[in-house]
$ cat work10.cif   # mmCIF, C-alpha atoms and all ligand atoms
data_run
#
loop_
_atom_site.label_atom_id
_atom_site.label_comp_id
_atom_site.auth_asym_id
_atom_site.auth_seq_id
_atom_site.Cartn_x
_atom_site.Cartn_y
_atom_site.Cartn_z
CA MET A 194 0.40 -28.37 -15.27
CA THR A 195 -1.74 -25.25 -15.22
CA GLU A 196 -1.89 -23.72 -11.78
CA THR A 197 -5.20 -22.39 -10.53
CA VAL A 198 -4.88 -19.12 -8.63
CA LEU A 199 -7.53 -17.45 -6.53
CA LEU A 200 -7.20 -13.69 -6.11
CA VAL A 201 -8.90 -12.13 -3.10
CA GLY A 202 -9.84 -8.45 -3.36
CA GLY A 203 -11.23 -6.06 -5.97
CA GLY A 204 -9.25 -2.80 -5.99
CA GLY A 205 -6.64 -1.30 -8.30
CA ARG A 206 -3.96 -3.28 -6.49
CA GLU A 207 -5.77 -6.54 -7.18
CA HIS A 208 -6.35 -5.58 -10.82
CA ALA A 209 -2.55 -5.23 -11.07
CA ILE A 210 -2.05 -8.63 -9.41
CA ALA A 211 -4.59 -10.16 -11.81
CA ARG A 212 -2.76 -8.75 -14.82
CA ALA A 213 0.57 -10.04 -13.49
CA VAL A 214 -0.61 -13.67 -13.40
CA ALA A 215 -3.60 -13.98 -15.75
CA ASP A 216 -1.64 -15.19 -18.80
CA ASP A 217 0.18 -17.91 -16.84
CA CYS A 218 -2.59 -19.61 -14.87
CA ALA A 219 -6.27 -20.30 -14.53
CA LEU A 220 -7.41 -17.26 -12.52
CA TYR A 221 -10.43 -16.97 -10.26
CA ALA A 222 -11.23 -13.97 -8.14
CA CYS A 223 -13.55 -12.94 -5.36
CA ALA A 224 -14.23 -9.56 -3.82
CA SER A 225 -17.07 -7.59 -2.31
CA ASN A 226 -17.10 -5.23 -5.31
CA ARG A 227 -17.35 -6.26 -8.95
CA ASN A 228 -14.13 -5.00 -10.49
CA PRO A 229 -14.69 -5.08 -14.30
CA GLY A 230 -10.96 -5.29 -15.07
CA ILE A 231 -10.44 -8.33 -12.87
CA ARG A 232 -13.62 -9.97 -14.14
CA ARG A 233 -12.43 -9.66 -17.70
CA LEU A 234 -9.11 -11.34 -16.86
CA ALA A 235 -10.52 -14.08 -14.63
CA ASP A 236 -12.09 -17.40 -15.61
CA GLY A 237 -14.54 -16.94 -12.77
CA PHE A 238 -15.51 -14.17 -10.37
CA GLU A 239 -17.69 -14.40 -7.29
CA THR A 240 -19.00 -11.57 -5.13
CA ILE A 241 -17.86 -12.53 -1.63
CA ASP A 242 -17.07 -10.34 1.34
CA GLU A 243 -13.25 -10.50 1.57
CA THR A 244 -13.42 -10.76 5.35
CA ASP A 245 -15.66 -13.84 5.26
CA ALA A 246 -12.82 -16.34 5.69
CA ALA A 247 -15.03 -19.44 5.48
CA ALA A 248 -16.76 -18.26 2.28
CA VAL A 249 -13.42 -17.43 0.62
CA ALA A 250 -12.00 -20.84 1.57
CA ASP A 251 -15.14 -22.57 0.24
CA TYR A 252 -14.85 -20.72 -3.07
CA ALA A 253 -11.14 -21.60 -3.28
CA THR A 254 -11.99 -25.27 -2.79
CA ASP A 255 -14.87 -25.10 -5.30
CA VAL A 256 -12.65 -23.74 -8.07
CA GLY A 257 -9.80 -26.11 -7.21
CA ALA A 258 -7.35 -23.33 -6.35
CA ASP A 259 -3.71 -24.35 -5.77
CA ILE A 260 -2.57 -20.93 -4.62
CA ALA A 261 -4.35 -17.84 -3.33
CA VAL A 262 -3.11 -14.26 -3.36
CA ILE A 263 -4.67 -12.00 -0.78
CA GLY A 264 -4.82 -8.28 -1.58
CA PRO A 265 -6.46 -6.39 1.28
CA GLU A 266 -5.36 -6.14 4.90
CA SER A 267 -8.95 -6.56 6.09
CA ALA A 268 -8.88 -10.13 4.73
CA LEU A 269 -5.58 -10.88 6.47
CA ALA A 270 -6.91 -9.49 9.74
CA ALA A 271 -9.99 -11.70 9.38
CA GLY A 272 -7.87 -14.84 9.06
CA VAL A 273 -8.45 -15.52 5.37
CA ALA A 274 -4.90 -16.87 4.97
CA ASP A 275 -5.42 -19.17 7.98
CA ALA A 276 -8.69 -20.49 6.54
CA LEU A 277 -7.15 -21.10 3.11
CA ASP A 278 -4.10 -22.85 4.54
CA GLU A 279 -6.38 -25.06 6.60
CA ALA A 280 -8.42 -25.86 3.49
CA GLY A 281 -5.18 -26.98 1.79
CA VAL A 282 -4.84 -23.94 -0.49
CA TYR A 283 -1.45 -22.22 -0.21
CA ALA A 284 -2.15 -18.62 0.74
CA PHE A 285 0.44 -16.05 -0.36
CA GLY A 286 -0.37 -13.78 2.54
CA PRO A 287 0.47 -14.02 6.24
CA ARG A 288 -1.69 -15.68 8.82
CA ALA A 289 -3.60 -13.31 11.13
CA GLU A 290 -0.93 -13.73 13.81
CA GLU A 291 1.87 -12.52 11.54
CA ALA A 292 -0.33 -9.88 9.90
CA ARG A 293 -0.43 -8.21 13.33
CA LEU A 294 2.70 -6.49 12.09
CA GLU A 295 0.21 -4.32 10.20
CA THR A 296 -3.04 -4.75 12.08
CA ASP A 297 -1.73 -3.86 15.56
CA LYS A 298 0.56 -0.83 15.66
CA ALA A 299 1.47 -1.41 19.33
CA TYR A 300 2.54 -4.97 18.54
CA GLN A 301 4.49 -3.66 15.55
CA ARG A 302 6.63 -1.35 17.69
CA GLU A 303 7.05 -3.89 20.50
CA PHE A 304 8.07 -6.51 17.93
CA MET A 305 10.71 -4.13 16.55
CA ASP A 306 12.02 -3.49 20.05
CA GLU A 307 12.14 -7.11 21.10
CA ASN A 308 13.87 -8.22 17.92
CA ALA A 309 16.21 -5.23 17.67
CA ILE A 310 14.87 -4.34 14.21
CA PRO A 311 16.70 -1.19 13.10
CA GLY A 312 14.86 2.08 12.42
CA CYS A 313 12.33 2.12 15.27
CA PRO A 314 11.37 5.61 16.50
CA ASP A 315 10.86 6.34 20.22
CA TYR A 316 7.33 5.35 21.13
CA ALA A 317 4.97 4.71 24.03
CA VAL A 318 1.74 2.69 24.16
CA PHE A 319 -1.31 3.88 26.13
CA ASP A 320 -4.49 2.08 27.19
CA ASP A 321 -5.77 5.23 28.82
CA ILE A 322 -6.61 8.27 26.67
CA GLU A 323 -6.09 10.76 29.52
CA ALA A 324 -2.62 9.36 30.19
CA ALA A 325 -1.88 9.74 26.47
CA CYS A 326 -3.03 13.38 26.61
CA GLU A 327 -0.74 14.02 29.56
CA TYR A 328 2.17 12.51 27.64
CA ILE A 329 1.39 14.89 24.74
CA ASP A 330 1.50 17.84 27.18
CA ASP A 331 4.78 16.77 28.73
CA TYR A 332 6.62 15.59 25.60
CA ASP A 333 9.42 17.79 24.35
CA GLY A 334 8.83 17.80 20.58
CA ASP A 335 6.20 16.67 18.09
CA LEU A 336 4.46 13.30 18.22
CA ALA A 337 2.57 11.08 15.80
CA VAL A 338 -0.70 9.86 17.32
CA LYS A 339 -1.70 6.41 16.10
CA PRO A 340 -4.71 4.29 17.00
CA VAL A 341 -3.45 0.69 17.17
CA GLY A 342 -6.00 -0.82 14.73
CA LEU A 343 -6.61 -0.58 10.98
CA THR A 344 -7.92 2.82 9.84
CA GLY A 345 -7.27 2.71 6.09
CA GLY A 346 -4.33 5.10 6.52
CA LYS A 347 -6.66 7.79 7.82
CA GLY A 348 -6.39 7.40 11.63
CA VAL A 349 -2.92 8.78 12.24
CA LYS A 350 -2.53 12.46 13.21
CA VAL A 351 0.86 14.10 13.22
CA ILE A 352 1.37 16.99 15.62
CA GLY A 353 3.25 19.88 14.04
CA ASP A 354 2.19 18.72 10.57
CA GLN A 355 -1.56 18.09 10.38
CA VAL A 356 -2.68 19.10 13.88
CA THR A 357 -1.65 21.01 17.00
CA GLY A 358 -1.16 19.25 20.34
CA GLU A 359 -4.54 20.59 21.49
CA GLU A 360 -6.24 19.25 18.35
CA ALA A 361 -4.55 15.87 18.82
CA LYS A 362 -5.88 15.65 22.38
CA ALA A 363 -9.39 16.66 21.27
CA TYR A 364 -9.16 14.04 18.50
CA LEU A 365 -8.28 11.34 21.04
CA ARG A 366 -10.95 12.43 23.52
CA ASP A 367 -13.64 12.48 20.79
CA SER A 368 -12.63 9.05 19.53
CA ASP A 369 -13.55 5.66 20.89
CA TYR A 370 -9.95 4.45 20.65
CA GLU A 371 -8.97 2.26 23.56
CA ARG A 372 -5.30 1.90 22.73
CA VAL A 373 -2.96 4.36 21.03
CA VAL A 374 0.70 4.58 20.17
CA LEU A 375 2.42 7.93 20.54
CA GLU A 376 5.73 8.17 18.78
CA GLU A 377 8.40 10.62 17.85
CA ARG A 378 7.47 12.60 14.74
CA LEU A 379 9.82 11.58 11.95
CA VAL A 380 10.78 14.32 9.51
CA GLY A 381 11.92 13.59 5.98
CA GLU A 382 10.66 12.02 2.76
CA GLU A 383 8.59 8.84 2.77
CA PHE A 384 9.21 5.84 0.55
CA THR A 385 8.02 2.26 0.35
CA VAL A 386 9.86 -0.98 -0.34
CA GLN A 387 7.75 -4.06 -0.99
CA ALA A 388 9.26 -7.55 -0.72
CA PHE A 389 8.05 -11.02 -1.66
CA VAL A 390 8.64 -13.25 1.34
CA ALA A 391 8.51 -17.02 1.78
CA ASN A 392 10.56 -19.84 3.24
CA GLY A 393 12.65 -17.42 5.31
CA GLU A 394 13.79 -15.48 2.23
CA LEU A 395 12.86 -12.22 0.61
CA ARG A 396 13.10 -10.53 -2.78
CA THR A 397 12.67 -6.79 -2.97
CA THR A 398 11.11 -4.55 -5.61
CA PRO A 399 11.86 -0.92 -6.58
CA ALA A 400 11.27 1.82 -4.01
CA VAL A 401 8.04 3.75 -4.53
CA GLN A 402 6.87 7.13 -3.29
CA ASP A 403 3.15 7.36 -2.60
CA HIS A 404 1.18 10.60 -2.13
CA LYS A 405 -1.26 10.32 0.74
CA ARG A 406 -2.64 13.84 0.86
CA ALA A 407 -5.78 14.45 -1.19
CA TYR A 408 -4.77 17.66 -2.94
CA GLU A 409 -1.89 18.92 -5.03
CA GLY A 410 1.10 20.28 -3.14
CA ASP A 411 0.52 17.69 -0.37
CA GLU A 412 -2.45 19.62 1.04
CA GLY A 413 -5.71 18.32 2.44
CA PRO A 414 -6.73 15.21 4.32
CA ASN A 415 -4.97 11.85 4.16
CA THR A 416 -6.30 9.26 1.72
CA GLY A 417 -5.48 5.64 0.94
CA GLY A 418 -3.01 7.05 -1.63
CA MET A 419 -3.54 9.34 -4.64
CA GLY A 420 -0.70 8.09 -6.78
CA SER A 421 2.91 7.08 -6.77
CA TYR A 422 6.07 6.81 -8.81
CA THR A 423 9.18 4.70 -9.24
CA ALA A 424 12.43 5.58 -10.98
CA THR A 425 14.39 3.46 -13.46
CA GLY A 426 16.40 1.66 -10.79
CA LEU A 427 15.64 0.38 -7.31
CA SER A 428 16.17 3.73 -5.60
CA LEU A 429 14.43 7.14 -5.89
CA PRO A 430 15.97 10.48 -6.92
CA PHE A 431 15.91 11.94 -3.39
CA MET A 432 17.59 8.86 -1.85
CA ALA A 433 21.34 8.60 -1.37
CA GLU A 434 23.48 5.57 -2.01
CA GLY A 435 22.91 3.06 0.77
CA ASP A 436 19.39 4.22 1.72
CA TYR A 437 17.67 1.49 -0.29
CA ASP A 438 19.99 -1.16 1.15
CA ASP A 439 19.36 0.13 4.68
CA ALA A 440 15.62 -0.30 4.08
CA VAL A 441 16.20 -3.84 2.78
CA ASP A 442 18.25 -4.61 5.92
CA VAL A 443 15.20 -3.67 8.01
CA LEU A 444 12.95 -6.00 6.00
CA GLU A 445 15.54 -8.79 6.28
CA ALA A 446 15.63 -8.39 10.05
CA VAL A 447 11.82 -8.75 10.12
CA VAL A 448 11.95 -11.93 8.07
CA ASP A 449 14.70 -13.33 10.29
CA ALA A 450 12.45 -12.72 13.29
CA LEU A 451 9.39 -14.20 11.54
CA PRO A 452 10.72 -17.20 9.59
CA ASP A 453 7.21 -18.47 8.75
CA TYR A 454 6.05 -15.17 7.25
CA LYS A 455 4.75 -15.53 3.70
CA GLY A 456 3.30 -13.01 1.30
CA VAL A 457 4.25 -9.41 0.69
CA LEU A 458 6.08 -7.46 3.37
CA TYR A 459 5.67 -3.74 2.80
CA GLY A 460 7.99 -1.36 4.60
CA GLN A 461 6.95 2.27 4.84
CA PHE A 462 10.03 4.34 5.60
CA MET A 463 10.74 7.94 6.46
CA LEU A 464 14.07 8.95 5.05
CA THR A 465 15.38 11.22 7.80
CA ASP A 466 18.69 13.04 8.20
CA ALA A 467 19.76 9.89 10.09
CA GLY A 468 18.70 7.47 7.33
CA PRO A 469 15.53 5.40 6.88
CA LYS A 470 13.25 4.97 9.91
CA VAL A 471 10.19 2.72 9.94
CA VAL A 472 6.83 4.50 9.73
CA GLU A 473 5.00 1.19 9.59
CA PHE A 474 4.90 -2.27 8.10
CA ASN A 475 2.06 -3.58 5.99
CA ALA A 476 1.43 -7.25 5.39
CA ARG A 477 0.38 -6.95 1.72
CA PHE A 478 1.03 -5.02 -1.47
CA GLY A 479 0.40 -1.29 -1.33
CA ASP A 480 -2.42 0.26 -3.25
CA PRO A 481 -1.31 2.14 -5.42
CA GLU A 482 2.28 0.83 -5.05
CA ALA A 483 1.49 -2.60 -6.58
CA MET A 484 0.50 -0.81 -9.78
CA ASN A 485 4.02 0.64 -10.04
CA THR A 486 6.05 -2.45 -9.31
CA LEU A 487 4.12 -5.36 -10.86
CA PRO A 488 4.01 -3.94 -14.43
CA VAL A 489 7.82 -3.61 -14.49
CA LEU A 490 8.44 -7.05 -12.98
CA GLU A 491 9.76 -9.23 -15.81
CA THR A 492 10.06 -12.38 -13.73
CA PRO A 493 6.67 -14.10 -13.91
CA PHE A 494 4.90 -13.42 -10.61
CA LEU A 495 3.50 -16.96 -10.86
CA ASP A 496 7.10 -18.28 -10.57
CA VAL A 497 7.41 -16.43 -7.26
CA LEU A 498 4.11 -17.92 -6.06
CA THR A 499 4.93 -21.50 -7.01
CA ALA A 500 8.44 -21.34 -5.53
CA ALA A 501 6.95 -19.94 -2.32
CA ARG A 502 4.41 -22.72 -2.17
CA ASP A 503 6.85 -25.49 -3.03
CA GLY A 504 9.34 -24.45 -0.35
CA GLU A 505 11.92 -23.57 -2.99
CA THR A 506 14.34 -20.69 -3.22
CA LEU A 507 12.50 -17.65 -4.58
CA PRO A 508 13.60 -16.60 -8.08
CA GLU A 509 15.88 -13.58 -8.40
CA LEU A 510 13.72 -10.74 -9.73
CA ALA A 511 14.28 -8.97 -13.04
CA PHE A 512 12.72 -5.58 -13.78
CA SER A 513 12.23 -3.76 -17.08
CA GLY A 514 14.14 -0.69 -15.90
CA GLU A 515 11.27 1.64 -16.79
CA ALA A 516 10.16 4.44 -14.49
CA THR A 517 6.44 4.43 -13.63
CA VAL A 518 3.94 7.08 -12.60
CA CYS A 519 0.56 6.04 -11.23
CA LYS A 520 -2.27 8.54 -10.80
CA TYR A 521 -5.61 7.75 -9.25
CA ALA A 522 -8.82 9.38 -10.45
CA VAL A 523 -11.11 9.83 -7.45
CA PRO A 524 -14.63 11.22 -7.21
CA ASP A 525 -14.81 14.97 -6.76
CA GLY A 526 -14.95 15.77 -3.03
CA TYR A 527 -13.05 12.59 -2.06
CA PRO A 528 -12.33 11.63 0.70
CA THR A 529 -14.52 13.85 2.89
CA ASP A 530 -17.59 14.42 0.71
CA PRO A 531 -17.31 12.25 -2.39
CA ASP A 532 -19.67 12.86 -5.28
CA ALA A 533 -20.45 9.44 -6.81
CA GLY A 534 -22.28 8.70 -10.07
CA ALA A 535 -20.03 10.26 -12.71
CA LYS A 536 -19.60 8.26 -15.90
CA VAL A 537 -16.06 6.90 -16.30
CA ALA A 538 -14.81 8.36 -19.55
CA VAL A 539 -11.59 6.39 -20.07
CA ASP A 540 -11.21 2.74 -20.98
CA GLU A 541 -8.44 0.28 -21.77
CA GLU A 542 -8.35 1.41 -25.42
CA SER A 543 -8.44 5.14 -24.79
CA VAL A 544 -5.41 5.07 -22.46
CA GLY A 545 -3.10 4.03 -25.33
CA ASP A 546 0.24 2.72 -24.10
CA ALA A 547 -0.57 3.55 -20.48
CA LEU A 548 -2.13 0.93 -18.21
CA LEU A 549 -5.60 1.29 -16.74
CA TYR A 550 -6.52 -0.29 -13.42
CA TYR A 551 -10.05 -0.22 -12.09
CA ALA A 552 -10.68 0.26 -8.39
CA SER A 553 -14.20 1.01 -7.19
CA VAL A 554 -16.64 1.51 -10.06
CA ASP A 555 -20.28 0.74 -10.47
CA GLU A 556 -21.10 -1.21 -13.64
CA ARG A 557 -24.41 -0.17 -15.20
CA GLU A 558 -25.96 -1.11 -18.52
CA ASP A 559 -24.59 1.94 -20.29
CA GLY A 560 -21.13 1.94 -18.75
CA LEU A 561 -19.09 2.44 -15.60
CA TYR A 562 -19.80 5.05 -12.95
CA THR A 563 -17.82 6.36 -9.99
CA THR A 564 -18.65 5.35 -6.42
CA THR A 565 -17.54 7.15 -3.25
CA SER A 566 -14.10 5.44 -3.24
CA ARG A 567 -11.08 5.78 -5.51
CA SER A 568 -12.33 5.06 -9.06
CA PHE A 569 -9.47 4.00 -11.31
CA ALA A 570 -5.78 4.55 -11.81
CA VAL A 571 -3.61 5.05 -14.83
CA VAL A 572 0.06 4.05 -14.97
CA GLY A 573 2.50 5.55 -17.41
CA ARG A 574 5.87 3.94 -18.09
CA GLY A 575 8.96 5.41 -19.68
CA ASP A 576 12.70 5.75 -19.65
CA SER A 577 12.44 8.57 -17.10
CA ILE A 578 9.93 9.66 -14.46
CA ALA A 579 9.09 12.63 -16.71
CA ALA A 580 8.32 10.35 -19.68
CA ALA A 581 6.17 8.08 -17.53
CA GLU A 582 4.37 11.12 -16.12
CA ALA A 583 3.62 12.46 -19.60
CA GLN A 584 2.20 9.09 -20.66
CA ALA A 585 -0.06 8.95 -17.60
CA GLU A 586 -1.30 12.50 -18.23
CA ASP A 587 -2.07 11.78 -21.90
CA ALA A 588 -4.15 8.81 -20.78
CA LEU A 589 -6.04 10.96 -18.29
CA ALA A 590 -6.82 13.79 -20.72
CA ALA A 591 -10.30 12.38 -21.33
CA ALA A 592 -11.12 11.79 -17.66
CA GLY A 593 -13.54 14.73 -17.35
CA ASP A 594 -14.10 17.16 -14.50
CA ARG A 595 -16.17 15.05 -12.12
CA VAL A 596 -13.10 13.09 -11.08
CA ARG A 597 -10.12 14.62 -9.33
CA ILE A 598 -6.51 13.76 -10.07
CA ARG A 599 -3.30 14.94 -8.46
CA HIS A 600 -1.65 16.19 -11.59
CA ASP A 601 1.48 17.09 -9.64
CA ILE A 602 2.48 13.47 -8.95
CA GLY A 603 5.65 12.54 -10.80
CA THR A 604 6.19 16.03 -12.26
CA ALA A 605 9.74 17.38 -12.45
CA ASP A 606 8.77 20.15 -10.01
CA LEU A 607 7.54 17.83 -7.31
CA VAL A 608 10.44 15.38 -7.67
CA GLU A 609 12.87 18.32 -7.49
CA ARG A 610 11.19 19.54 -4.29
CA ARG A 611 11.71 16.11 -2.71
CA ILE A 612 15.40 16.20 -3.67
CA GLU A 613 15.81 19.70 -2.22
CA HIS A 614 13.98 18.73 0.96
CA MET A 615 16.36 15.83 1.59
CA ALA A 616 19.38 17.95 0.69
CA GLU A 617 18.32 20.56 3.28
CA LEU A 618 17.78 17.92 5.96
CA ARG A 619 21.10 16.26 5.28
CA GLU A 620 23.15 19.47 5.19
P1 LIG A 701 0.70 4.79 9.12
O1 LIG A 701 -0.74 4.33 9.10
O2 LIG A 701 1.45 4.35 10.33
O3 LIG A 701 1.40 4.52 7.82
O4 LIG A 701 0.63 6.36 9.16
C1 LIG A 701 0.00 7.09 8.14
C2 LIG A 701 0.84 8.27 7.77
O5 LIG A 701 1.08 9.06 8.93
C3 LIG A 701 2.25 7.89 7.30
O6 LIG A 701 2.32 7.57 5.96
C4 LIG A 701 3.03 9.13 7.63
O7 LIG A 701 2.82 10.13 6.65
C5 LIG A 701 2.38 9.59 8.91
N1 LIG A 701 3.16 9.08 10.05
C6 LIG A 701 3.00 7.93 10.72
N2 LIG A 701 3.90 7.80 11.71
C7 LIG A 701 4.66 8.91 11.67
C8 LIG A 701 5.77 9.38 12.45
N3 LIG A 701 6.27 8.71 13.47
N4 LIG A 701 6.28 10.59 12.11
C9 LIG A 701 5.79 11.32 11.08
N5 LIG A 701 4.76 10.93 10.33
C10 LIG A 701 4.19 9.74 10.61
N1 LIG A 702 -0.62 3.23 -0.26
C1 LIG A 702 -0.54 2.88 1.10
C2 LIG A 702 -1.05 1.56 1.45
O1 LIG A 702 -1.40 0.74 0.62
O2 LIG A 702 -1.10 1.29 2.63
#
$ encode --input "work10.cif" --output "structure tokens" --more "lines below"
Ligand code: AMP
Ligand code: GLY
Amino acid sequence: MTETVLLVGGGGREHAIARAVADDCALYACASNRNPGIRRLADGFETIDETDAAAVADYATDVGADIAVIGPESALAAGVADALDEAGVYAFGPRAEEARLETDKAYQREFMDENAIPGCPDYAVFDDIEAACEYIDDYDGDLAVKPVGLTGGKGVKVIGDQVTGEEAKAYLRDSDYERVVLEERLVGEEFTVQAFVANGELRTTPAVQDHKRAYEGDEGPNTGGMGSYTATGLSLPFMAEGDYDDAVDVLEAVVDALPDYKGVLYGQFMLTDAGPKVVEFNARFGDPEAMNTLPVLETPFLDVLTAARDGETLPELAFSGEATVCKYAVPDGYPTDPDAGAKVAVDEESVGDALLYYASVDEREDGLYTTTSRSFAVVGRGDSIAAAEAQAEDALAAAGDRVRIRHDIGTADLVERRIEHMAELRE
């Protein structure tokens, strides 16, 4: 029987999900933006606001969807998984209650505490901004300042890294945040492990390192992610033996505490001198991280989805063993002052052996144009990070100068710096 899958969301991440299932099912998709890559792969595409849970559930019913995959956190927060489940469509994505792991950073830390999940930094939750400012004054050391709600990765300020204590207090006082988490600043190298979760089980995918800062050399403001890489195995070059397994132990403890969780569980870790600590959990695939892990997944993703839905044991995952390097092309000036309206000069043919994933582009009669968000990403694959990086760069050669790319992502220099950084911390 052919399964009918509904994909919710229209970014690069969802383009990667679409490509992972399109050959094995009847695929329908809905999103607020018209992603040309997804539209080409799907049998039907409808422009629907991803946070309109009733409209998504209606569309799922109309197309006869058996399974839905939810990409963005905004949809999870809006209860899209709840609405789909209630409409009788299995949603591979947690219900709003379980997605609080991502959508409420105070809940996330309290959940870790209550369930003795390893890797939780010291933290305190404040409902009063002045009390938070006092805590900043009195705290011995640097703190990360985190509004509790979703901010697209752009709301967190780290004292001693991005801001001073005075700037952090001014930031809080100028904001309309009603609740903030202040936590111990973790120092180290960040990495992500994404797991497929259902029926009380999980299956993990290779560790990924994302690059949040806008400019090369990790300078500039935070973004949703400028690009990311994986190595040939599950671990990354700056990680020691046991670090990946320690991260998996954390994810397992979460699943043990939330036996009904279904969908992707994304652990963001800081590898510190004392091992991996939890920066945050997300309740969905990462964007860009999905573009690294799904193309090297040899097990059909549809098999994971059907096993999840049918209450079966999830399949063991097989990976190609290739390294991947993903680089986003973003409009010049992104994220502070993005210059939209540049013609997109690469396409699926011009990228050669690399993979092209569309994110936010505007489709006009004479071609695709950039918007004010991340435009498209290219993924290179190879038998080393360096080979994958070279393939991604070749594919981006025609991108033009009105988009900006972090050319340093995945280069030998940057990877070496990560290794040295960890070696220094672990001395
Ligand atoms: P989050 O939204 O919690 O992922 O935070 C966004 C970014 O802020 C993370 O990817 C880290 O780079 C940084 N960050 C968050 N929490 C901490 C922390 N406790 N220590 C250091 N950096 C942090
Ligand atoms: N790349 C970070 C995220 O998807 O949250």
$ residues_near_ligand --input "work10.cif" --ligand "ligand LIG 701 (chain A)" --cutoff "10 Å" --atoms "all atoms listed in the file" --output "JSON, numbers by chain"
{"A": [295, 296, 298, 313, 314, 315, 316, 335, 336, 337, 338, 339, 340, 341, 342, 343, 344, 345, 346, 347, 348, 349, 350, 351, 352, 353, 354, 355, 374, 375, 376, 377, 378, 379, 380, 381, 382, 383, 384, 385, 403, 404, 405, 406, 415, 416, 417, 418, 460, 461, 462, 463, 470, 471, 472, 473, 474, 475]}
$ closest_residue --input "work10.cif" --among "A:Leu451, A:Glu307, A:Gln301, A:Leu507" --to "Glu394 of chain A" --atoms "only C-alpha atoms"
A:Leu507
$ residues_around --input "work10.cif" --residues "segment 246-250 of chain A" --least-positions-apart "3" --cutoff "9 Å" --atoms "all atoms listed in the file" --output "ChimeraX atom specification"
/A:201,223,241-243,253-255,268,271-280,282
$ closest_atom_pairs --input "work10.cif" --of "segment 350-462 of chain A" --to "segment 573-576 of chain A" --cutoff "10 Å" --atoms "all atoms listed in the file" --output "tab-separated table"
residue	atom	partner	partner_atom	distance
A:Tyr422	CA	A:Gly573	CA	9.4
A:Thr423	CA	A:Arg574	CA	9.5
A:Ala424	CA	A:Asp576	CA	8.7
A:Thr425	CA	A:Asp576	CA	6.8
$ closest_residue --input "work10.cif" --among "A:Glu266, A:Asp449, A:Asp601, A:Glu613" --to "ligand LIG 702 (chain A)" --atoms "only C-alpha atoms and all ligand atoms"
A:Glu266
$ axis_aligned_box --input "work10.cif" --around "segment 396-407 of chain A" --padding-each-side "6 Å" --output "lines of an AutoDock Vina configuration file"
center_x = 3.7
center_y = 2.0
center_z = -2.9
size_x = 30.9
size_y = 37.0
size_z = 19.4
$ atom_distance --input "work10.cif" --atom1 "atom CA of Ile329 of chain A" --atom2 "atom CA of Arg302 of chain A"
18.5 Å
$ atom_distance --input "work10.cif" --atom1 "atom CA of Asn392 of chain A" --atom2 "atom CA of Ala446 of chain A"
14.3 Å
$ closest_residue --input "work10.cif" --among "A:Ala570, A:Val401, A:Ala547, A:Ala522" --to "ligand LIG 702 (chain A)" --atoms "all atoms listed in the file"
A:Val401
$ closest_residue --input "work10.cif" --among "A:Gly410, A:Gly479, A:Gly358, A:Gly468" --to "ligand LIG 702 (chain A)" --atoms "all atoms listed in the file"
A:Gly479
$ atom_distance --input "work10.cif" --atom1 "atom CA of Glu371 of chain A" --atom2 "atom CA of Ala317 of chain A"
14.2 Å
$ closest_residue --input "work10.cif" --among "A:Asp369, A:Glu290, A:Asp466, A:Asp306" --to "Glu617 of chain A" --atoms "all atoms listed in the file"
A:Asp466
$ closest_residue --input "work10.cif" --among "A:Leu589, A:Ala299, A:Met432, A:Leu464" --to "Arg372 of chain A" --atoms "all atoms listed in the file"
A:Ala299
$ residues_around --input "work10.cif" --residues "Ala535 of chain A" --least-positions-apart "5" --cutoff "7 Å" --atoms "only C-alpha atoms" --output "list in words"
Tyr562, Thr563 and Arg595 of chain A
$ residues_around --input "work10.cif" --residues "Ala591 of chain A" --least-positions-apart "5" --cutoff "12 Å" --atoms "all atoms listed in the file" --output "list in words"
Ala522, Lys536, Val537, Ala538, Val539, Asp540, Glu542, Ser543, Val544, Gly545, Val571, Ala585, Glu586, Val596 and Ile598 of chain A
